[in-house]
Amino acid sequence: MYIHAILGEHADVAELVGLSDTNPGRLEYFEDLIEQSYGEKIEGFAPADLADFIRSKNINRLIVTTPDFTHAQMICTALEAGADVVVEKPLTINAADAQRITNTAEATGRKVIVTFNYRYSPRNTALKRALLEGQIGKVTSVDFTWMLDTVHGADYFRRWHRQKANSGGLLIHKSSHHFDLVNWWLDDVPARVYAAGSLAFYGPENAAERGQHREHERGTFEGSQADPFALDLRSDPKLKGLYLDNEHLDGYRRDQDVFSGEINIEDNLALTVTYAHGALLTYSLNAHSPWEGYRVAINGTEGRLELDVIERAAVLPAAGGSPVDPSVSVDGQDSLVRRRGERLVVQRHWEAAVELEIRNGEGSHGGGDKLLLADIFRGAVEDDYARPAGLSDGVAAIAVGIAGNDSLSTGSPVDVADLGLEMGAAKSAHPVPAGR
């Protein structure tokens, strides 16, 4: 996404100077892609040489798309070398690294941008607009349910994400997107978290309990098409070129079986969050749903807002393949009962329900990615929605997941203040207007 943005639409304001990867084969893959697509040769360098590369090339900005547990080191190295940082969510996976990033940013005076592209999705902006207009008064509670299906959801259990030490689990890696949305919608920060969760579907113990015998520890094998959970890297040229052809260089397998090996992240999660100004959030995540999407209901003193989103209506046929995120793709899996789409409804007290307009644009996430990239490369445009996310937003988003993981370990509620994080404060005692 970033390569095409820099060398394409934003080439007049941005220059791609270098690329780095721990695997030289993956690095070469993108070097070849750039040369073939744009006729340019981009210099590659080793991650250990990051600071020297930034200083020697006078780099203004580093974009970090590495595994979550490496973010803090990459970010702090870049800040200390004199570059600002754009980092994919989550900011990092634990409180100590979050505070380290905050301290380094303050000491260097450099900037950190966290790319929460869901803020830019038109449906989520429409919900924000309705709150800013005061259509339901003061928010009292939020009910948020996210379903990941057996294509997209399963993929977190075959990659490096399957180990909590790498990803912080889904409460941080995936749900930080969702918690950021709630923080942003409410213009508030989390105060207390109580979580419950389990690995109830994926993993070898669950397969054995259901009597499922797994013959292969990876998805690339002859006859893989008959296994709905097998990801055969030969089925997709990009996956083959990036991973299968280069796994001999570092041993990393992109296609691990979701019912084999060591998996210690949860696939079913639920939590409650109390916000600084009193609103309550109930949240749940399921990673083995037969369809993918989310449902949000926000209750207020004057009514209720409901956002229903179906990103993939079904996983059909029941066979493995490329693990496509349905939020950035279109498929033909609709039925008369469930079909891809979105709907935002407001119902005020003593009034009939009204459907609100969602103004989609072109491109993935309803045109949201395009808006995000424009803000990153051309400078954030001031608007009523405050969509660009900075360091404090990134900290506030992972604060819920960090506290949630602590709650999972202790079985008790966790006060976010006890984490010692600097996530800013809620903007006002009444984050949204009380009237229309």
# chains A, B, ... in the order shown; residues from 1 in each chain; ligands from 1

call {"tool": "select_by_dssp", "arguments": {"residues": "range 53-103 of chain A", "states": "strand (DSSP E)", "output": "PyMOL selection string"}}
result
chain A and resi 61-64+84-88

call {"tool": "residues_around", "arguments": {"residues": "Ser56 in chain A", "least_positions_apart": "2", "cutoff": "12 Å", "atoms": "only C-alpha atoms", "output": "list in words"}}
result
Val17, Gly18, Asp49, Leu50, Ala51, Asp52, Phe53, Ile54, Asn58, Ile59, Asn60, Ala81, Gly82 and Ala83 of chain A

call {"tool": "closest_atom_pairs", "arguments": {"of": "range 3-79 of chain A", "to": "range 163-185 of chain A", "cutoff": "9 Å", "atoms": "only C-alpha atoms", "output": "JSON lines"}}
result
{"residue": "A:Pro67", "atom": "CA", "partner": "A:Asn166", "partner_atom": "CA", "distance": 7.0}
{"residue": "A:Asp68", "atom": "CA", "partner": "A:Ser167", "partner_atom": "CA", "distance": 5.4}
{"residue": "A:Phe69", "atom": "CA", "partner": "A:Asn166", "partner_atom": "CA", "distance": 5.0}
{"residue": "A:Thr70", "atom": "CA", "partner": "A:Asn166", "partner_atom": "CA", "distance": 8.2}

call {"tool": "closest_residue", "arguments": {"among": "A:Lys128, A:His277, A:His288, A:Arg339", "to": "His152 in chain A", "atoms": "only C-alpha atoms"}}
result
A:His288

call {"tool": "closest_residue", "arguments": {"among": "A:Leu305, A:Ala107, A:Leu242, A:Ala226", "to": "His349 in chain A", "atoms": "only C-alpha atoms"}}
result
A:Leu305

call {"tool": "closest_residue", "arguments": {"among": "A:Pro90, A:Gly219, A:Gly420, A:Pro190", "to": "Tyr275 in chain A", "atoms": "only C-alpha atoms"}}
result
A:Pro190

call {"tool": "residues_around", "arguments": {"residues": "Thr150 in chain A", "least_positions_apart": "4", "cutoff": "7 Å", "atoms": "only C-alpha atoms", "output": "VMD selection string"}}
result
chain A and resid 154 288 to 290

call {"tool": "write_last_selection", "arguments": {"atoms": "all heavy atoms", "output": "compact mmCIF listing (two decimals), in the first residue's frame"}}
result
# COMPACT_ATOMS: atom_id res chain seq x y z
N ALA A 154 -9.09 -17.19 10.80
CA ALA A 154 -8.18 -18.33 10.92
C ALA A 154 -6.74 -17.93 10.65
O ALA A 154 -5.81 -18.52 11.21
CB ALA A 154 -8.61 -19.43 9.96
N HIS A 288 -13.84 -17.38 14.64
CA HIS A 288 -14.18 -18.55 13.81
C HIS A 288 -15.64 -18.48 13.36
O HIS A 288 -16.35 -19.48 13.29
CB HIS A 288 -13.89 -19.86 14.55
CG HIS A 288 -14.55 -19.98 15.89
ND1 HIS A 288 -15.81 -20.52 16.06
CD2 HIS A 288 -14.14 -19.63 17.13
CE1 HIS A 288 -16.13 -20.51 17.34
NE2 HIS A 288 -15.15 -19.97 18.01
N SER A 289 -16.08 -17.29 13.02
CA SER A 289 -17.46 -17.08 12.61
C SER A 289 -17.66 -17.55 11.16
O SER A 289 -16.74 -17.50 10.35
CB SER A 289 -17.80 -15.59 12.72
OG SER A 289 -19.06 -15.31 12.15
N PRO A 290 -18.87 -17.99 10.79
CA PRO A 290 -19.15 -18.34 9.39
C PRO A 290 -19.33 -17.14 8.48
O PRO A 290 -19.41 -17.29 7.26
CB PRO A 290 -20.44 -19.16 9.49
CG PRO A 290 -21.10 -18.66 10.72
CD PRO A 290 -20.00 -18.32 11.68

call {"tool": "residues_around", "arguments": {"residues": "Val296 in chain A", "least_positions_apart": "6", "cutoff": "6 Å", "atoms": "only C-alpha atoms", "output": "PyMOL selection string"}}
result
chain A and resi 143-144+306-307

call {"tool": "residues_around", "arguments": {"residues": "range 3-15 of chain A", "least_positions_apart": "3", "cutoff": "9 Å", "atoms": "only C-alpha atoms", "output": "list in words"}}
result
Ile34, Tyr38, Lys370, Leu373, Ala374, Phe377 and Arg378 of chain A

call {"tool": "write_last_selection", "arguments": {"atoms": "N, CA and C atoms", "output": "compact mmCIF listing (two decimals), in the first residue's frame"}}
result
# COMPACT_ATOMS: atom_id res chain seq x y z
N ILE A 34 9.23 -3.14 -7.53
CA ILE A 34 9.37 -1.70 -7.78
C ILE A 34 10.04 -1.45 -9.11
N TYR A 38 7.77 0.40 -11.70
CA TYR A 38 8.06 1.84 -11.78
C TYR A 38 9.40 2.16 -12.43
N LYS A 370 -7.57 5.73 0.97
CA LYS A 370 -7.11 6.84 0.14
C LYS A 370 -7.03 8.13 0.97
N LEU A 373 -3.98 7.86 3.40
CA LEU A 373 -2.70 8.07 2.73
C LEU A 373 -2.48 9.54 2.39
N ALA A 374 -3.53 10.22 2.02
CA ALA A 374 -3.41 11.65 1.74
C ALA A 374 -3.01 12.41 2.99
N PHE A 377 0.83 11.62 3.71
CA PHE A 377 1.85 12.15 2.81
C PHE A 377 1.69 13.63 2.49
N ARG A 378 0.51 14.19 2.68
CA ARG A 378 0.30 15.59 2.33
C ARG A 378 -0.05 16.46 3.53

call {"tool": "closest_residue", "arguments": {"among": "A:Asp325, A:Asp250, A:Glu205, A:Glu40", "to": "Asn23 in chain A", "atoms": "only C-alpha atoms"}}
result
A:Asp250

call {"tool": "closest_residue", "arguments": {"among": "A:Tyr252, A:Ser141, A:Arg100, A:Asp257", "to": "Leu231 in chain A", "atoms": "only C-alpha atoms"}}
result
A:Asp257

call {"tool": "residues_around", "arguments": {"residues": "Ser224 in chain A", "least_positions_apart": "3", "cutoff": "12 Å", "atoms": "only C-alpha atoms", "output": "mmCIF file with N, CA and C atoms, in the first residue's frame"}}
result
data_model
loop_
_atom_site.group_PDB
_atom_site.id
_atom_site.type_symbol
_atom_site.label_atom_id
_atom_site.label_comp_id
_atom_site.auth_asym_id
_atom_site.auth_seq_id
_atom_site.Cartn_x
_atom_site.Cartn_y
_atom_site.Cartn_z
ATOM 1 N N ARG A 214 -5.263 -34.298 12.433
ATOM 2 C CA ARG A 214 -4.542 -33.435 11.490
ATOM 3 C C ARG A 214 -3.274 -34.144 11.026
ATOM 4 N N GLU A 215 -3.184 -34.380 9.722
ATOM 5 C CA GLU A 215 -2.028 -35.089 9.179
ATOM 6 C C GLU A 215 -0.896 -34.142 8.805
ATOM 7 N N HIS A 216 -1.204 -32.867 8.595
ATOM 8 C CA HIS A 216 -0.202 -31.935 8.097
ATOM 9 C C HIS A 216 -0.059 -30.746 9.049
ATOM 10 N N GLU A 217 1.178 -30.365 9.309
ATOM 11 C CA GLU A 217 1.438 -29.235 10.183
ATOM 12 C C GLU A 217 1.518 -27.921 9.423
ATOM 13 N N ARG A 218 1.300 -27.988 8.123
ATOM 14 C CA ARG A 218 1.269 -26.774 7.303
ATOM 15 C C ARG A 218 0.245 -26.959 6.194
ATOM 16 N N GLY A 219 -0.123 -25.850 5.543
ATOM 17 C CA GLY A 219 -1.191 -25.902 4.559
ATOM 18 C C GLY A 219 -0.760 -26.183 3.143
ATOM 19 N N THR A 220 0.546 -26.178 2.884
ATOM 20 C CA THR A 220 1.044 -26.433 1.537
ATOM 21 C C THR A 220 1.364 -27.917 1.393
ATOM 22 N N PHE A 221 0.433 -28.649 0.813
ATOM 23 C CA PHE A 221 0.618 -30.081 0.597
ATOM 24 C C PHE A 221 -0.317 -30.530 -0.512
ATOM 25 N N ASP A 227 -9.067 -29.373 2.297
ATOM 26 C CA ASP A 227 -9.039 -28.940 3.698
ATOM 27 C C ASP A 227 -9.420 -27.467 3.776
ATOM 28 N N PRO A 228 -10.574 -27.131 4.359
ATOM 29 C CA PRO A 228 -11.011 -25.732 4.384
ATOM 30 C C PRO A 228 -10.117 -24.818 5.214
ATOM 31 N N PHE A 229 -9.251 -25.374 6.057
ATOM 32 C CA PHE A 229 -8.383 -24.550 6.882
ATOM 33 C C PHE A 229 -6.935 -24.539 6.391
ATOM 34 N N ALA A 230 -6.665 -25.189 5.267
ATOM 35 C CA ALA A 230 -5.311 -25.237 4.738
ATOM 36 C C ALA A 230 -5.062 -24.041 3.819
ATOM 37 N N LEU A 231 -3.978 -23.333 4.070
ATOM 38 C CA LEU A 231 -3.537 -22.269 3.177
ATOM 39 C C LEU A 231 -2.353 -22.801 2.375
ATOM 40 N N ASP A 232 -2.581 -23.101 1.120
ATOM 41 C CA ASP A 232 -1.519 -23.597 0.247
ATOM 42 C C ASP A 232 -0.831 -22.400 -0.390
ATOM 43 N N LEU A 233 0.409 -22.159 -0.028
ATOM 44 C CA LEU A 233 1.125 -20.984 -0.516
ATOM 45 C C LEU A 233 1.325 -21.009 -2.028
ATOM 46 N N ARG A 234 1.180 -22.166 -2.638
ATOM 47 C CA ARG A 234 1.314 -22.257 -4.094
ATOM 48 C C ARG A 234 0.082 -21.733 -4.814
ATOM 49 N N SER A 235 -1.008 -21.491 -4.046
ATOM 50 C CA SER A 235 -2.262 -21.057 -4.667
ATOM 51 C C SER A 235 -2.277 -19.583 -5.008
ATOM 52 N N ASP A 255 2.244 -20.646 6.541
ATOM 53 C CA ASP A 255 1.061 -21.498 6.350
ATOM 54 C C ASP A 255 0.919 -22.554 7.434
ATOM 55 N N ASP A 257 -0.504 -24.892 10.310
ATOM 56 C CA ASP A 257 -1.855 -25.417 10.512
ATOM 57 C C ASP A 257 -2.471 -24.792 11.754
ATOM 58 N N ALA A 318 -16.279 -24.287 0.919
ATOM 59 C CA ALA A 318 -15.504 -24.594 2.118
ATOM 60 C C ALA A 318 -14.152 -25.172 1.719
ATOM 61 N N ALA A 319 -13.266 -24.306 1.264
ATOM 62 C CA ALA A 319 -11.939 -24.742 0.838
ATOM 63 C C ALA A 319 -10.931 -23.665 1.168
ATOM 64 N N GLY A 320 -9.680 -24.064 1.313
ATOM 65 C CA GLY A 320 -8.623 -23.109 1.634
ATOM 66 C C GLY A 320 -8.319 -22.201 0.457
ATOM 67 N N GLY A 321 -7.456 -21.250 0.686
ATOM 68 C CA GLY A 321 -7.084 -20.300 -0.352
ATOM 69 C C GLY A 321 -6.465 -19.078 0.256
#

call {"tool": "select_by_dssp", "arguments": {"residues": "range 218-420 of chain A", "states": "alpha helix (DSSP H)", "output": "ChimeraX atom specification"}}
result
/A:237-242,247-250,368-378,391-410
